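As provided, input-v4.cif (mmCIF, C-alpha atoms) reads as follows.
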```
data_target
#
loop_
_atom_site.label_atom_id
_atom_site.label_comp_id
_atom_site.auth_asym_id
_atom_site.auth_seq_id
_atom_site.Cartn_x
_atom_site.Cartn_y
_atom_site.Cartn_z
CA MET A 664 106.05 -39.88 19.70
CA LYS A 665 107.74 -37.56 22.20
CA GLU A 666 110.22 -36.46 19.56
CA LYS A 667 107.42 -35.66 17.12
CA ILE A 668 105.56 -33.56 19.73
CA LYS A 669 108.81 -31.82 20.67
CA SER A 670 109.53 -31.15 16.99
CA ILE A 671 106.06 -29.68 16.45
CA PHE A 672 106.43 -27.45 19.51
CA ASN A 673 109.89 -26.27 18.42
CA GLU A 674 108.65 -25.45 14.93
CA TYR A 675 105.34 -23.84 15.89
CA TYR A 676 106.02 -22.43 19.37
CA LEU A 677 104.81 -18.93 18.49
CA GLU A 678 101.53 -20.23 17.07
CA ILE A 679 101.04 -22.42 20.15
CA ILE A 680 101.58 -19.43 22.44
CA PHE A 681 99.00 -17.41 20.49
CA LEU A 682 96.55 -20.31 20.66
CA VAL A 683 96.95 -20.59 24.45
CA VAL A 684 96.48 -16.82 24.86
CA ALA A 685 93.38 -16.95 22.61
CA ILE A 686 91.90 -19.76 24.70
CA ILE A 687 92.54 -17.78 27.89
CA PHE A 688 90.82 -14.73 26.37
CA ILE A 689 87.85 -16.86 25.30
CA LEU A 690 87.54 -18.23 28.84
CA LEU A 691 87.80 -14.75 30.38
CA ASN A 692 85.42 -12.90 28.05
CA ARG A 693 83.94 -14.83 25.16
CA ASN A 694 82.19 -11.86 23.49
CA LYS A 695 85.28 -9.65 23.41
CA ALA A 696 87.39 -12.56 22.18
CA ILE A 697 84.96 -13.09 19.28
CA LEU A 698 85.02 -9.37 18.46
CA GLY A 699 88.83 -9.49 18.51
CA PHE A 700 88.82 -12.50 16.21
CA LYS A 701 86.48 -10.72 13.76
CA TYR A 702 88.74 -7.67 13.82
CA ALA A 703 91.79 -9.86 13.16
CA LEU A 704 90.06 -11.49 10.18
CA SER A 705 89.11 -8.09 8.79
CA THR A 706 92.69 -6.87 9.15
CA TYR A 707 94.02 -10.03 7.51
CA LYS A 708 91.60 -9.59 4.61
CA ASN A 709 92.77 -6.00 4.08
CA LEU A 710 96.45 -6.96 4.24
CA SER A 711 96.15 -10.07 2.07
CA ILE A 712 96.25 -8.03 -1.16
CA VAL A 713 99.50 -6.37 -0.09
CA ILE A 714 100.94 -9.69 1.12
CA ILE A 715 100.15 -11.36 -2.22
CA GLY A 716 101.66 -8.41 -4.11
CA VAL A 717 104.86 -8.54 -2.07
CA ALA A 718 105.07 -12.33 -2.48
CA PHE A 719 104.72 -11.86 -6.24
CA LEU A 720 107.40 -9.14 -6.21
CA SER A 721 109.71 -11.40 -4.19
CA GLY A 722 109.19 -14.18 -6.71
CA ILE A 723 110.02 -11.86 -9.60
CA ILE A 724 113.17 -10.69 -7.82
CA SER A 725 114.14 -14.28 -7.09
CA GLU A 726 113.59 -15.72 -10.55
CA ILE A 727 113.84 -12.93 -13.10
CA ILE A 728 116.21 -10.25 -11.85
CA ASP A 729 119.84 -11.20 -12.12
CA ASP A 730 122.09 -10.91 -9.06
CA ASN A 731 124.38 -8.54 -10.98
CA ILE A 732 121.57 -6.01 -11.47
CA VAL A 733 120.81 -5.97 -7.74
CA LYS A 734 124.53 -5.66 -6.94
CA LYS A 735 124.93 -2.83 -9.44
CA PHE A 736 122.06 -0.69 -8.12
CA ILE A 737 121.93 -1.54 -4.39
CA GLY A 738 124.97 -3.72 -3.78
CA LYS A 739 128.60 -3.05 -2.93
CA GLU A 740 129.21 -1.56 -6.37
CA SER A 741 126.44 1.02 -6.01
CA GLY A 742 128.08 3.29 -3.44
CA PHE A 743 126.13 6.29 -2.17
CA LYS A 744 123.89 6.15 -5.26
CA GLY A 745 122.54 2.83 -3.95
CA VAL A 746 121.87 4.37 -0.54
CA LEU A 747 119.87 7.16 -2.19
CA ILE A 748 117.92 4.60 -4.24
CA GLY A 749 117.11 2.73 -1.02
CA ALA A 750 116.06 5.90 0.77
CA ILE A 751 113.84 7.03 -2.08
CA PHE A 752 112.33 3.55 -2.39
CA GLY A 753 111.61 3.59 1.34
CA THR A 754 109.69 6.85 1.09
CA LEU A 755 107.52 5.40 -1.69
CA MET A 756 106.59 2.19 0.11
CA VAL A 757 103.17 1.89 1.73
CA GLY A 758 101.82 -0.56 4.25
CA PRO A 759 103.41 -2.12 7.29
CA ALA A 760 107.13 -2.90 7.13
CA TYR A 761 106.84 -6.54 8.20
CA ILE A 762 105.07 -7.41 4.95
CA TYR A 763 108.14 -6.36 2.97
CA TYR A 764 110.71 -8.27 5.05
CA PRO A 765 110.62 -11.36 2.74
CA PHE A 766 111.17 -9.02 -0.23
CA LEU A 767 114.09 -7.31 1.54
CA LYS A 768 115.57 -10.70 2.46
CA GLU A 769 115.42 -11.71 -1.20
CA LEU A 770 117.26 -8.52 -2.14
CA LEU A 771 119.86 -9.25 0.55
CA ASN A 772 120.32 -12.77 -0.82
CA LYS A 773 120.80 -11.28 -4.29
CA GLY A 774 123.63 -9.02 -3.11
CA ALA A 775 122.04 -5.87 -1.71
CA LYS A 776 124.03 -4.15 1.02
CA ILE A 777 122.63 -4.26 4.54
CA ASN A 778 122.99 -0.49 4.98
CA ILE A 779 120.82 0.15 1.92
CA LEU A 780 118.07 -2.10 3.27
CA ALA A 781 118.33 -0.46 6.70
CA THR A 782 118.10 2.95 5.02
CA THR A 783 115.01 1.80 3.12
CA ILE A 784 113.33 0.70 6.34
CA GLY A 785 114.29 3.97 8.07
CA ALA A 786 112.99 6.12 5.22
CA TRP A 787 109.71 4.23 5.45
CA ALA A 788 108.73 6.66 8.22
CA ILE A 789 108.16 9.27 5.52
CA LYS A 790 104.65 8.87 4.20
CA LEU A 791 104.47 10.96 1.04
CA GLN A 792 100.75 10.40 0.66
CA TRP A 793 100.12 11.95 4.12
CA ILE A 794 102.32 15.03 3.74
CA PRO A 795 99.59 17.35 2.37
CA PHE A 796 97.25 16.35 5.20
CA ALA A 797 100.01 16.70 7.81
CA ILE A 798 100.89 20.17 6.48
CA THR A 799 97.31 21.34 6.97
CA LEU A 800 97.42 20.20 10.61
CA LEU A 801 100.99 20.95 11.67
CA GLY A 802 102.29 23.46 9.14
CA ALA A 803 104.61 23.20 6.15
CA LYS A 804 107.78 24.29 7.98
CA PHE A 805 107.43 21.56 10.62
CA ILE A 806 106.45 18.73 8.27
CA ILE A 807 109.07 19.52 5.62
CA THR A 808 111.82 19.91 8.25
CA LEU A 809 110.74 16.68 9.94
CA ASN A 810 110.76 14.69 6.69
CA ILE A 811 114.14 16.07 5.63
CA PHE A 812 115.64 14.97 8.95
CA ILE A 813 113.94 11.56 8.77
CA PHE A 814 115.48 11.11 5.30
CA ILE A 815 118.95 12.18 6.48
CA PHE A 816 118.84 10.08 9.66
CA ALA A 817 117.57 7.05 7.69
CA ILE A 818 120.76 7.23 5.64
CA ILE A 819 122.95 7.70 8.73
CA SER A 820 121.20 4.88 10.57
CA GLY A 821 121.75 2.59 7.59
CA TYR A 822 125.51 3.04 7.91
CA ILE A 823 125.32 2.57 11.69
CA VAL A 824 123.35 -0.67 11.29
CA GLU A 825 125.88 -1.93 8.77
CA TYR A 826 128.76 -1.12 11.11
CA PHE A 827 127.23 -2.86 14.11
CA THR A 828 125.75 -5.90 12.42
CA ASN A 829 128.80 -6.58 10.25
CA LEU A 830 126.86 -8.95 7.97
CA GLU A 831 128.14 -10.51 4.80
CA ILE A 832 126.62 -12.83 2.22
CA ASN A 833 128.66 -15.88 1.42
CA GLU A 834 128.87 -17.65 -1.93
CA SER A 835 125.89 -19.92 -1.15
CA LYS A 836 123.75 -16.80 -0.60
CA LEU A 837 123.15 -17.46 3.10
CA ILE A 838 123.50 -14.65 5.61
CA LYS A 839 126.32 -15.30 8.05
CA LEU A 840 127.72 -13.26 10.88
CA LYS A 841 131.39 -12.38 10.35
CA LYS A 842 133.66 -13.93 12.93
#
```

Encoding of this model in C-alpha cells:
Amino acid sequence: MKEKIKSIFNEYYLEIIFLVVAIIFILLNRNKAILGFKYALSTYKNLSIVIIGVAFLSGIISEIIDDNIVKKFIGKESGFKGVLIGAIFGTLMVGPAYIYYPFLKELLNKGAKINILATTIGAWAIKLQWIPFAITLLGAKFIITLNIFIFIFAIISGYIVEYFTNLEINESKLIKLKK
C-alpha cells in the first residue's frame, strides 16, 4: 500500500501541490477561491479549442508526415533555410507557447533540429496580428525596428540554445543528452 501511495505521489506531485494550495486558498478566503476557480474554468474553456487543434496537428505530424520530410525542411539537411522556416512559422503562431510544446516535441522526434525549434519559440514574440495596433500606439519606426531585432535575435538564440544544450536524437527517436 505504501508503494502505491508513493507511486501516486511521484507521478502526480504537481497536481497534489496545486490541490493543497487550492485547499489553503479556500480556507483563507472561500469567495475569492471560488472566483479564481471560475476564472480558471473560463480560461480552460477558451484554450481548449487551441489545445484540441494542436493535439490534432501533433497526431497528423506523428502519423502522416514522413520523418524524411521533417528532416528535409527543418532537420539537419535544411541548413539556414530551415532556420528561416522556423522563424517565419514562429511569427505566425498564436496562443501561448506551452500549448505547442507537444507539437514541437513531435517535430523533434521526427528529426527537426533543436536550433530551429528554439528559433520558432523565440520568433513567437512577434505578434503579426498586433503590429498595426502597436504602430498606432508606439509608432512605425519603433515597432518595425523592434520586430526586426526580435526576428534576428530569435535566429541567433536558436544557435546558442543548440550549442549549449548539445542534444541529439538517437535511432529510437528518444532525446538524449550527448556525453

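Residue nearest Val757 (chain A), chosen from A:Trp787, A:Phe816, A:Phe796, A:Tyr702 and counting all atoms listed in the file: A:Trp787.
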
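Nearest to Val746 (chain A) of all the residues A:Leu780, A:Leu698, A:Ile686, A:Ala788 is A:Leu780, based on all atoms listed in the file.
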
Discussion item. One number please: CA of Ala817 (chain A) to CA of Thr782 (chain A), in Å, one decimal.
Written reply: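 Spanning CA of Ala817 (chain A) to CA of Thr782 (chain A) is a straight-line distance of 4.9 Å.
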
What separates CA of Leu747 (chain A) and CA of Ile815 (chain A) is a distance of 10.1 Å

Result set, the PyMOL selection byres ((chain A and resi 761) around 12) on current file, as number ranges by chain = A: 710, 713-714, 717, 756-760, 762-768, 784, 787

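The nearest approach to Gly749 (chain A) among the residues A:Lys776, A:Phe688, A:Ile723, A:Ile715, with all atoms listed in the file taken into account, belongs to A:Lys776.
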
What separates CA of Val824 (chain A) and CA of Ile728 (chain A) is a distance of 26.0 Å

- Enumerate, as a PyMOL selection string, the protein, DNA and RNA residues whose atoms approach (121.9, -1.6, 6.8) to within 9 Å, taking into account all atoms listed in the file and the coordinate frame of the file. chain A and resi 776-784+818+820-826+828+830

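Proximity to Lys735 (chain A) at 9 Å, evaluated using all atoms listed in the file and with sequence-adjacent residues fewer than 4 positions away removed, yields Asp730, Asn731, Lys739, Glu740, Ser741, Gly745, Gly774 and Ala775 of chain A.
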
Around all of region 684-700 of chain A's listed atoms, make the axis-aligned box with 8 Å on each side and tell me centre and edge lengths in Å to one decimal, as AutoDock Vina command-line options.
```
--center_x 89.3 --center_y -14.6 --center_z 23.3 --size_x 30.3 --size_y 26.4 --size_z 30.2
```

Would you please work out which residue, of A:Ile819, A:Ala685, A:Leu771, A:Ile748, is nearest to Ala703 (chain A) when using all atoms listed in the file?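 Between A:Ile819, A:Ala685, A:Leu771, A:Ile748, the residue approaching Ala703 (chain A) most closely is A:Ala685.
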
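Within 9 Å of region 805-812 of chain A there are Ala786, Ala788, Ile789, Lys790, Ile794, Ala797 and Ile798 of chain A, counting only C-alpha atoms and ignoring same-chain residues fewer than 6 positions away.
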